[in-house]
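A.B. asks: Sending over data02.txt (compact mmCIF, C-alpha atoms).
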# COMPACT_ATOMS: atom_id res chain seq x y z
CA MET A 1165 -40.50 13.28 3.24
CA LEU A 1166 -42.37 13.05 6.55
CA GLU A 1167 -44.31 9.85 5.88
CA LYS A 1168 -42.54 8.26 8.85
CA LEU A 1169 -43.94 11.00 11.08
CA THR A 1170 -47.52 10.17 10.09
CA GLU A 1171 -46.88 6.47 10.56
CA THR A 1172 -45.41 7.06 14.00
CA MET A 1173 -48.17 9.36 15.22
CA ASP A 1174 -50.91 7.08 13.92
CA GLY A 1175 -49.14 4.44 15.96
CA PHE A 1176 -49.79 6.56 19.07
CA ILE A 1177 -53.50 6.00 18.45
CA GLU A 1178 -53.22 2.32 17.57
CA ASN A 1179 -50.59 1.25 20.09
CA LEU A 1180 -50.84 3.73 22.97
CA GLY A 1181 -54.56 4.39 22.86
CA ILE A 1182 -54.16 8.15 22.37
CA PRO A 1183 -57.59 9.31 21.13
CA PHE A 1184 -56.37 12.04 18.75
CA TYR A 1185 -53.52 14.32 17.73
CA ASP A 1186 -52.76 17.31 15.52
CA CYS A 1187 -49.25 18.12 14.29
CA VAL A 1188 -47.66 20.89 12.24
CA VAL A 1189 -44.09 21.35 10.96
CA MET A 1190 -42.66 24.54 9.45
CA LYS A 1191 -39.42 24.81 7.47
CA ASP A 1192 -38.00 28.21 6.54
CA GLY A 1193 -41.36 29.85 7.14
CA LYS A 1194 -43.40 27.42 5.03
CA CYS A 1195 -45.80 24.78 6.31
CA VAL A 1196 -44.34 21.49 5.08
CA TYR A 1197 -46.52 19.18 7.18
CA ARG A 1198 -49.94 19.30 8.81
CA HIS A 1199 -51.69 16.12 9.80
CA SER A 1200 -54.27 15.07 12.36
CA ASN A 1201 -56.11 11.89 13.19
CA GLY A 1202 -58.51 10.42 15.74
CA CYS A 1203 -61.55 11.71 17.60
CA THR A 1204 -61.50 14.55 20.12
CA ASP A 1205 -64.64 13.12 21.73
CA THR A 1206 -64.47 9.35 21.68
CA ASP A 1207 -68.10 9.01 22.82
CA LYS A 1208 -69.50 11.18 20.05
CA LYS A 1209 -66.85 10.11 17.51
CA THR A 1210 -66.02 13.76 16.82
CA PRO A 1211 -63.12 13.93 14.34
CA VAL A 1212 -60.23 16.39 14.70
CA THR A 1213 -60.84 19.53 12.63
CA GLY A 1214 -57.60 21.41 13.31
CA LYS A 1215 -59.45 24.27 15.01
CA GLU A 1216 -59.59 22.79 18.49
CA LEU A 1217 -58.54 24.66 21.62
CA TYR A 1218 -56.18 22.88 23.99
CA ASP A 1219 -55.02 23.34 27.54
CA ILE A 1220 -51.36 23.38 26.57
CA TYR A 1221 -50.17 23.26 30.19
CA SER A 1222 -46.36 23.59 30.34
CA CYS A 1223 -46.13 24.71 26.72
CA SER A 1224 -47.31 27.93 28.39
CA LYS A 1225 -43.86 28.31 29.90
CA LEU A 1226 -42.16 29.46 26.70
CA ILE A 1227 -44.77 32.22 26.32
CA THR A 1228 -44.12 33.33 29.90
CA CYS A 1229 -40.35 33.28 29.50
CA THR A 1230 -40.69 35.27 26.28
CA ALA A 1231 -42.85 37.88 28.00
CA ALA A 1232 -40.34 38.25 30.83
CA LEU A 1233 -37.38 38.43 28.45
CA GLN A 1234 -39.05 41.27 26.55
CA LEU A 1235 -38.92 43.26 29.78
CA TYR A 1236 -35.33 42.11 30.33
CA GLU A 1237 -34.41 43.50 26.90
CA LYS A 1238 -35.88 46.85 27.96
CA GLY A 1239 -33.66 46.91 31.04
CA LYS A 1240 -36.55 46.49 33.48
CA PHE A 1241 -34.60 43.89 35.49
CA GLY A 1242 -31.34 41.97 35.49
CA LEU A 1243 -31.21 38.19 35.51
CA ASP A 1244 -29.13 38.16 38.67
CA ASP A 1245 -31.27 40.73 40.48
CA TYR A 1246 -32.85 39.53 43.68
CA LEU A 1247 -36.54 38.79 43.25
CA TYR A 1248 -37.47 40.66 46.43
CA LEU A 1249 -36.37 43.95 44.88
CA TYR A 1250 -39.54 43.73 42.76
CA MET A 1251 -41.69 41.51 44.97
CA PRO A 1252 -40.83 42.17 48.65
CA GLU A 1253 -42.87 39.22 49.89
CA PHE A 1254 -40.06 36.92 48.70
CA GLU A 1255 -37.29 38.57 50.75
CA ASN A 1256 -37.33 36.45 53.89
CA MET A 1257 -37.99 32.92 52.69
CA THR A 1258 -37.75 29.77 54.76
CA VAL A 1259 -36.51 26.29 53.82
CA LYS A 1260 -37.81 22.92 54.97
CA ASP A 1261 -34.93 20.46 55.41
CA GLU A 1262 -35.03 16.69 54.85
CA ASN A 1263 -36.10 16.16 58.46
CA GLY A 1264 -39.05 18.52 58.14
CA ASN A 1265 -37.43 21.32 60.13
CA ILE A 1266 -38.07 24.85 58.88
CA ARG A 1267 -35.29 27.44 59.01
CA PRO A 1268 -34.54 30.80 57.37
CA ALA A 1269 -33.14 30.55 53.85
CA GLN A 1270 -29.51 31.58 53.57
CA ASN A 1271 -29.73 32.58 49.89
CA LYS A 1272 -32.01 35.10 48.21
CA ILE A 1273 -33.94 34.06 45.11
CA THR A 1274 -32.71 35.63 41.88
CA VAL A 1275 -34.73 36.23 38.73
CA ARG A 1276 -32.44 33.86 36.80
CA GLU A 1277 -33.39 31.09 39.22
CA LEU A 1278 -37.05 31.56 38.30
CA PHE A 1279 -36.23 30.97 34.64
CA THR A 1280 -34.02 27.97 35.39
CA MET A 1281 -36.26 26.22 37.94
CA THR A 1282 -33.60 26.44 40.63
CA ALA A 1283 -35.30 28.84 43.07
CA GLY A 1284 -36.41 26.13 45.52
CA PHE A 1285 -40.17 26.10 44.92
CA GLY A 1286 -42.30 22.98 44.66
CA TYR A 1287 -45.26 22.28 42.37
CA ASP A 1288 -47.99 21.72 44.93
CA VAL A 1289 -50.96 23.85 43.87
CA GLY A 1290 -52.96 22.29 46.69
CA SER A 1291 -50.59 23.24 49.50
CA PRO A 1292 -51.99 24.67 52.76
CA MET A 1293 -51.27 28.26 51.80
CA MET A 1294 -52.71 27.81 48.33
CA ARG A 1295 -55.90 26.40 49.83
CA LYS A 1296 -56.02 29.35 52.23
CA CYS A 1297 -55.68 31.75 49.28
CA VAL A 1298 -58.65 30.10 47.59
CA GLU A 1299 -60.66 30.44 50.77
CA ASP A 1300 -59.65 34.02 51.52
CA THR A 1301 -60.31 35.28 47.98
CA ASP A 1302 -63.56 33.39 47.48
CA GLY A 1303 -61.99 31.34 44.72
CA GLU A 1304 -60.64 34.22 42.64
CA CYS A 1305 -56.90 34.01 43.43
CA GLN A 1306 -55.67 36.98 41.42
CA THR A 1307 -52.11 36.27 40.26
CA LEU A 1308 -50.22 38.72 42.47
CA THR A 1309 -52.35 37.85 45.48
CA VAL A 1310 -51.39 34.19 45.12
CA MET A 1311 -47.73 35.16 45.37
CA GLU A 1312 -48.29 36.61 48.85
CA TYR A 1313 -49.46 33.18 49.98
CA LEU A 1314 -46.83 31.21 48.06
CA ALA A 1315 -44.07 33.26 49.70
CA LYS A 1316 -45.21 31.92 53.07
CA GLU A 1317 -44.62 28.32 52.01
CA PRO A 1318 -41.14 27.00 52.88
CA LEU A 1319 -38.83 26.29 49.96
CA LEU A 1320 -37.72 22.72 49.31
CA PHE A 1321 -34.03 23.69 49.17
CA GLU A 1322 -31.72 26.69 49.17
CA PRO A 1323 -32.19 28.89 46.09
CA GLY A 1324 -29.64 28.01 43.42
CA TYR A 1325 -28.79 24.62 44.92
CA ARG A 1326 -30.50 22.29 42.45
CA TRP A 1327 -33.07 22.01 39.66
CA ASN A 1328 -36.68 21.20 40.52
CA TYR A 1329 -39.69 21.41 38.24
CA SER A 1330 -41.92 23.84 40.06
CA LEU A 1331 -44.04 26.98 40.19
CA CYS A 1332 -41.05 29.11 39.21
CA HIS A 1333 -42.66 30.24 35.96
CA ASP A 1334 -45.90 31.10 37.73
CA VAL A 1335 -43.81 33.46 39.86
CA LEU A 1336 -42.16 34.75 36.69
CA ALA A 1337 -45.59 35.61 35.26
CA ALA A 1338 -46.36 37.53 38.44
CA LEU A 1339 -43.08 39.38 38.04
CA VAL A 1340 -44.14 40.41 34.52
CA GLU A 1341 -47.38 41.67 36.01
CA LYS A 1342 -45.59 43.57 38.77
CA ILE A 1343 -43.07 45.26 36.48
CA SER A 1344 -45.40 46.02 33.57
CA GLY A 1345 -48.29 47.33 35.65
CA MET A 1346 -50.68 45.21 33.56
CA THR A 1347 -52.25 41.89 34.37
CA PHE A 1348 -50.17 39.07 32.95
CA GLY A 1349 -52.90 38.21 30.46
CA GLU A 1350 -53.16 41.82 29.28
CA TYR A 1351 -49.39 42.05 28.82
CA VAL A 1352 -49.18 38.81 26.85
CA LYS A 1353 -52.13 39.72 24.64
CA LYS A 1354 -50.66 43.11 23.73
CA ASN A 1355 -47.03 42.09 23.33
CA ILE A 1356 -47.25 38.50 22.06
CA PHE A 1357 -50.71 37.31 21.00
CA ASP A 1358 -51.67 40.46 19.07
CA VAL A 1359 -48.20 40.75 17.53
CA CYS A 1360 -48.38 37.16 16.27
CA GLY A 1361 -52.03 37.20 15.25
CA MET A 1362 -52.94 34.61 17.88
CA GLU A 1363 -56.67 35.29 18.07
CA ASN A 1364 -57.63 32.13 19.94
CA SER A 1365 -55.12 32.15 22.81
CA SER A 1366 -55.69 33.23 26.39
CA PHE A 1367 -54.52 32.67 29.96
CA LEU A 1368 -58.07 32.64 31.32
CA ILE A 1369 -61.04 30.36 30.67
CA ASP A 1370 -64.34 32.12 29.98
CA GLU A 1371 -67.53 31.52 28.05
CA SER A 1372 -65.84 32.45 24.76
CA ASN A 1373 -63.40 29.56 24.85
CA ALA A 1374 -64.63 27.03 27.43
CA GLU A 1375 -66.94 25.19 25.05
CA ARG A 1376 -64.26 24.95 22.37
CA LEU A 1377 -61.80 23.16 24.62
CA VAL A 1378 -61.21 19.58 23.53
CA CYS A 1379 -62.21 16.76 25.85
CA HIS A 1380 -59.61 15.87 28.43
CA TYR A 1381 -58.36 12.33 28.90
CA SER A 1382 -56.14 10.64 31.45
CA TYR A 1383 -54.29 7.37 31.66
CA ASN A 1384 -55.73 4.93 34.21
CA ASN A 1385 -52.87 2.89 35.66
CA ARG A 1386 -55.28 0.30 37.02
CA THR A 1387 -57.03 -0.45 33.73
CA GLU A 1388 -54.06 0.60 31.57
CA LYS A 1389 -56.44 2.55 29.36
CA VAL A 1390 -56.93 6.17 28.37
CA GLU A 1391 -60.24 7.45 29.75
CA LYS A 1392 -62.19 10.69 29.53
CA CYS A 1393 -61.85 12.98 32.56
CA PRO A 1394 -63.18 16.45 33.61
CA LYS A 1395 -61.79 19.51 31.84
CA ASN A 1396 -59.55 22.08 33.53
CA VAL A 1397 -58.93 20.20 36.75
CA HIS A 1398 -55.18 20.76 36.83
CA PHE A 1399 -53.27 23.90 37.83
CA ARG A 1400 -56.24 26.30 37.79
CA ILE A 1401 -56.39 27.36 41.41
CA GLY A 1402 -58.77 30.31 40.93
CA THR A 1403 -61.02 32.05 38.44
CA LYS A 1404 -58.65 35.04 38.06
CA TYR A 1405 -55.36 33.20 38.37
CA GLU A 1406 -53.21 33.39 35.23
CA SER A 1407 -50.72 30.55 35.58
CA GLY A 1408 -47.56 31.37 33.67
CA GLY A 1409 -46.42 27.79 34.02
CA ALA A 1410 -49.51 25.93 32.89
CA GLY A 1411 -52.47 28.22 32.22
CA CYS A 1412 -52.52 29.00 28.51
CA VAL A 1413 -55.33 27.87 26.23
CA SER A 1414 -54.32 27.85 22.58
CA CYS A 1415 -54.70 26.05 19.26
CA VAL A 1416 -52.23 24.54 16.83
CA ASP A 1417 -52.53 27.39 14.32
CA ASP A 1418 -51.84 30.00 17.02
CA TYR A 1419 -48.98 28.24 18.73
CA ILE A 1420 -47.01 27.62 15.55
CA LYS A 1421 -47.32 31.36 14.79
CA PHE A 1422 -45.74 32.02 18.17
CA LEU A 1423 -42.89 29.58 17.53
CA GLU A 1424 -42.24 31.10 14.12
CA ALA A 1425 -42.16 34.60 15.62
CA LEU A 1426 -39.51 33.41 18.06
CA ARG A 1427 -37.50 31.67 15.35
CA THR A 1428 -37.46 34.79 13.18
CA TYR A 1429 -36.65 37.09 16.15
CA LYS A 1430 -39.90 39.00 15.85
CA LEU A 1431 -40.58 38.80 19.59
CA LEU A 1432 -37.04 38.76 20.98
CA LYS A 1433 -33.62 39.75 19.69
CA LYS A 1434 -31.37 37.01 18.35
CA GLU A 1435 -28.98 37.33 21.27
CA THR A 1436 -31.87 36.92 23.69
CA VAL A 1437 -33.16 33.79 21.94
CA ASP A 1438 -29.59 32.48 21.99
CA LEU A 1439 -29.47 33.12 25.73
CA LEU A 1440 -32.83 31.43 26.26
CA SER A 1441 -31.55 28.33 24.48
CA THR A 1442 -28.14 28.15 26.18
CA ASN A 1443 -27.66 25.70 29.05
CA GLN A 1444 -27.71 27.47 32.41
CA MET A 1445 -27.12 24.44 34.64
CA THR A 1446 -23.88 24.04 36.56
CA LYS A 1447 -22.10 20.70 36.44
CA GLU A 1448 -23.06 20.12 40.06
CA GLN A 1449 -26.76 20.72 39.30
CA MET A 1450 -26.68 18.44 36.27
CA ASP A 1451 -24.96 15.66 38.23
CA MET A 1452 -27.68 15.59 40.88
CA PRO A 1453 -30.12 12.65 40.72
CA SER A 1454 -33.05 15.05 41.01
CA TYR A 1455 -32.20 16.66 37.68
CA TRP A 1456 -34.17 15.29 34.71
CA VAL A 1457 -31.08 15.29 32.49
CA ALA A 1458 -31.22 11.53 31.92
CA LEU A 1459 -31.94 12.73 28.38
CA LYS A 1460 -28.49 14.36 28.43
CA ARG A 1461 -29.99 17.71 27.48
CA GLY A 1462 -29.32 21.06 29.06
CA TYR A 1463 -31.83 23.50 30.53
CA GLY A 1464 -31.72 27.12 29.47
CA LEU A 1465 -34.04 29.95 30.44
CA GLY A 1466 -37.06 27.68 30.74
CA GLN A 1467 -36.38 25.17 27.94
CA GLN A 1468 -34.42 22.00 27.32
CA CYS A 1469 -31.54 22.89 25.06
CA PRO A 1470 -28.16 21.74 23.69
CA THR A 1471 -25.08 21.09 25.81
CA LYS A 1472 -21.40 20.73 24.95
CA THR A 1473 -21.87 16.97 24.71
CA ASN A 1474 -25.38 16.84 23.20
CA LYS A 1475 -25.36 19.37 20.39
CA ARG A 1476 -28.78 18.66 18.94
CA PRO A 1477 -29.68 22.22 17.88
CA ASP A 1478 -33.32 22.50 18.98
CA PHE A 1479 -34.83 23.89 22.16
CA GLY A 1480 -38.28 22.93 23.39
CA TRP A 1481 -40.55 21.48 26.03
CA GLY A 1482 -43.85 19.65 26.49
CA GLY A 1483 -47.12 20.00 28.36
CA ALA A 1484 -48.56 17.68 30.99
CA ALA A 1485 -51.37 16.57 28.69
CA GLY A 1486 -49.06 15.53 25.87
CA SER A 1487 -48.48 18.62 23.72
CA HIS A 1488 -44.91 19.25 22.62
CA TYR A 1489 -42.96 21.82 20.61
CA PHE A 1490 -39.44 22.47 19.42
CA VAL A 1491 -37.60 25.27 17.65
CA ASP A 1492 -34.41 24.89 15.61
CA CYS A 1493 -33.33 28.40 14.66
CA ARG A 1494 -30.14 27.20 12.97
CA ASP A 1495 -31.97 24.98 10.49
CA GLY A 1496 -35.19 27.00 10.22
CA ILE A 1497 -37.51 24.38 11.71
CA THR A 1498 -40.42 24.68 14.15
CA ALA A 1499 -42.94 22.00 15.10
CA PHE A 1500 -45.90 21.60 17.42
CA PHE A 1501 -47.68 18.39 18.37
CA ALA A 1502 -50.97 18.61 20.26
CA THR A 1503 -53.11 16.09 22.12
CA GLN A 1504 -54.93 16.13 25.48
CA VAL A 1505 -54.04 13.07 27.57
CA PHE A 1506 -52.94 13.63 31.14
CA GLY A 1507 -50.62 11.39 33.15
CA TYR A 1508 -49.42 9.06 30.41
CA ASP A 1509 -45.68 8.48 30.82
CA LYS A 1510 -45.31 6.79 27.43
CA LEU A 1511 -46.17 10.09 25.75
CA GLN A 1512 -42.73 11.37 26.78
CA SER A 1513 -40.93 8.90 24.53
CA ALA A 1514 -43.52 9.53 21.82
CA ARG A 1515 -42.80 13.26 21.87
CA ILE A 1516 -39.06 12.63 21.65
CA ALA A 1517 -39.71 10.44 18.61
CA VAL A 1518 -41.54 13.30 16.86
CA THR A 1519 -38.54 15.61 17.27
CA ASP A 1520 -36.04 12.98 16.14
CA ILE A 1521 -38.05 12.05 13.06
CA VAL A 1522 -38.44 15.66 11.91
CA LEU A 1523 -34.77 16.53 12.37
CA GLU A 1524 -33.72 13.33 10.61
CA ALA A 1525 -36.07 14.04 7.70
CA PHE A 1526 -34.35 17.38 7.06
CA GLY A 1527 -30.87 15.92 7.43
CA VAL A 1528 -30.04 17.96 10.53
CA GLU A 1529 -26.54 17.11 11.72
CA TYR A 1530 -25.20 17.53 15.24
Kindly transcribe the structure held in the file into structure tokens.
C.D. replies:
Amino acid sequence: MLEKLTETMDGFIENLGIPFYDCVVMKDGKCVYRHSNGCTDTDKKTPVTGKELYDIYSCSKLITCTAALQLYEKGKFGLDDYLYLYMPEFENMTVKDENGNIRPAQNKITVRELFTMTAGFGYDVGSPMMRKCVEDTDGECQTLTVMEYLAKEPLLFEPGYRWNYSLCHDVLAALVEKISGMTFGEYVKKNIFDVCGMENSSFLIDESNAERLVCHYSYNNRTEKVEKCPKNVHFRIGTKYESGGAGCVSCVDDYIKFLEALRTYKLLKKETVDLLSTNQMTKEQMDMPSYWVALKRGYGLGQQCPTKTNKRPDFGWGGAAGSHYFVDCRDGITAFFATQVFGYDKLQSARIAVTDIVLEAFGVEY
């Protein structure tokens, strides 16, 4: 049934130069497809085993949103609560206008705007205040401490004005930490990883998992080739920083357990998953050139999702190094595709192809 999927993904290796991949598809709780190919270390010709650990980068975001929504279900915060009620450092924000002038923000950031990437933050982990945090903390950058520095950076626009891919979900992870009284990693381990049986997932790199991480690769625009690059060079600003937006290390077996737990409402109630996968963008936000909705998809509480005009039933997202997932609760389908190639734009269309092929194979109509 999914022969076309194998053919397409093998084409990523042959035609795009992707060194390796691993993919799993579940239907109604049963594994209906698992296939991998290529070498995780092209120098040593190390074949994929299916047990590799990946930096999943922005596939971390769904875990973070799930953690926060668990606290939302318990009444610990409201989506339209102001962020500063829980984290006072974000009360008096500033905004840098198009001319570079800095002025006080007129709007207060809400928790919903963290989920929806509309709070006004950027994605510069090397900004002046971030560098100062690294210096002041001797490279540790504990998650809540980082927020004190981030709050001193001017926003790119008024909260709620437009969509911008940013550090919003890193702030959301810090909110989980603040409300729960646990570190973000401790909270996620207890309430998500342990619940799902995800024994190989973590938001910190240490000796137990560093050696198991697959080799990292990046696309060289000059040579137009995929080349090996250093591990863990992106988004890890400190040794104790748990990045809710990009910091999770996981494996294919673990991540599909997480997706299945979401699909079957083991981690969140059905109405909460429905909310997560319902478009939150206003028409004005979606009409702005800065919004990524060229794909004509909506954006829910941290995920691309259906709209009134594009009713494809899945929600999902991808990571900066090529990993991608989607969940279709209506039709009982989850899928996760993993690789580790950074900065390759053609992987975006490749990931879309994976979703389309799987839904077509099961006759999903929309």
A.B. asks: Return as a tab-separated table the residues of region 1385-1466 of chain A lying at most 9 Å from region 1172-1193 of chain A, together with the closest atom-to-atom pair for each and the distance in Å to one decimal, counting only C-alpha atoms, with rows in chain order and ascending residue number.
C.D. replies:
residue	atom	partner	partner_atom	distance
A:Lys1389	CA	A:Gly1181	CA	7.0
A:Val1390	CA	A:Gly1181	CA	6.3
A:Val1416	CA	A:Asp1186	CA	7.4
A:Asp1417	CA	A:Val1188	CA	8.4
A:Ile1420	CA	A:Val1188	CA	7.5
A:Glu1424	CA	A:Gly1193	CA	7.1
A:Thr1428	CA	A:Gly1193	CA	8.7
A.B. asks: Would you mind listing what lies within 10 Å of Arg1267 (chain A) as a list of chain:residue names, with all atoms listed in the file counted and same-chain residues fewer than 2 positions away left out?
C.D. replies: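 Contacts, in chain order: A:Met1257, A:Thr1258, A:Val1259, A:Lys1260, A:Asp1261, A:Gly1264, A:Asn1265, A:Ala1269, A:Gln1270, A:Pro1318, A:Leu1319.
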A.B. asks: Find the spatial neighbours of region 1466-1480 of chain A, counting only C-alpha atoms, within a cut-off of 9 Å - ignore same-chain residues fewer than 4 positions away - and output them as an NGL selection string.
C.D. replies: :A and (1223 or 1225-1226 or 1229 or 1278-1281 or 1333 or 1440-1443 or 1460-1462 or 1488-1495 or 1497-1498 or 1519 or 1528-1530)
A.B. asks: Using all atoms listed in the file, find the one residue out of A:Asp1245, A:Leu1431, A:Ser1222, A:Thr1274 that sits nearest to Asp1334 (chain A).
C.D. replies: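 Of all the options, A:Ser1222 lies closest to Asp1334 (chain A).
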A.B. asks: Let me make sure I understand: among A:Ser1487, A:Gln1504, A:Thr1170, A:Gln1306, which one has the smallest atom-to-atom distance to Ile1516 (chain A) if we use all atoms listed in the file?
C.D. replies: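 Closest candidate: A:Ser1487.
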A.B. asks: Between CA of Met1311 (chain A) and CA of Lys1342 (chain A), what is the spacing in Å?
C.D. replies: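 About the pair CA of Lys1342 (chain A) and CA of Met1311 (chain A): they are 10.9 Å apart.
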A.B. asks: What gap, in Å, lies between CA of Tyr1287 (chain A) and CA of Gly1349 (chain A)?
C.D. replies: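 Value for the CA of Tyr1287 (chain A)-CA of Gly1349 (chain A) distance: 21.3 Å.
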A.B. asks: Compare A:Val1352, A:Val1413, A:Ile1266, A:Val1437 by their minimum atom-to-atom distance to Ser1372 (chain A), counting all atoms listed in the file, and give me the closest one.
C.D. replies: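 Of the candidates, the smallest distance to Ser1372 (chain A) is held by A:Val1413.
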A.B. asks: Choose the residue, out of A:Ser1365, A:Cys1195, A:Leu1233, A:Pro1323, that has the smallest atom-to-atom separation from Asp1438 (chain A); count all atoms listed in the file.
C.D. replies: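 Looking at the shortest contact to Asp1438 (chain A), the residue is A:Leu1233.
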A.B. asks: Could you tell me which of A:Phe1399, A:Thr1204, A:Ile1273, A:Lys1404 comes closest to Ser1291 (chain A) if we count only C-alpha atoms?
C.D. replies: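 Closest to Ser1291 (chain A) of all the choices is A:Phe1399.
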A.B. asks: Using only C-alpha atoms, pick whichever of A:Cys1379, A:Cys1332, A:Val1505, A:Val1340 has the shortest atom-to-atom distance to Ala1410 (chain A).
C.D. replies: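 Checking each of A:Cys1379, A:Cys1332, A:Val1505, A:Val1340 against Ala1410 (chain A), counting only C-alpha atoms, the winner is A:Cys1332.
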A.B. asks: Work out how far apart CA of Ala1517 (chain A) and CA of Ala1484 (chain A) are and give it in Å to one decimal.
C.D. replies: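 So the answer is 16.9 Å.
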A.B. asks: Which protein, DNA or RNA residues have an atom at most 12 Å from (-57.8, 30.8, 52.1), counting only C-alpha atoms? List them as a list of chain:residue names.
C.D. replies: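 Final list of nearby residues, as requested, is A:Gly1290, A:Ser1291, A:Pro1292, A:Met1293, A:Met1294, A:Arg1295, A:Lys1296, A:Cys1297, A:Val1298, A:Glu1299, A:Asp1300, A:Thr1301, A:Asp1302, A:Gly1303, A:Glu1304, A:Cys1305, A:Thr1309, A:Val1310, A:Glu1312, A:Tyr1313, A:Leu1314, A:Ile1401, A:Gly1402.
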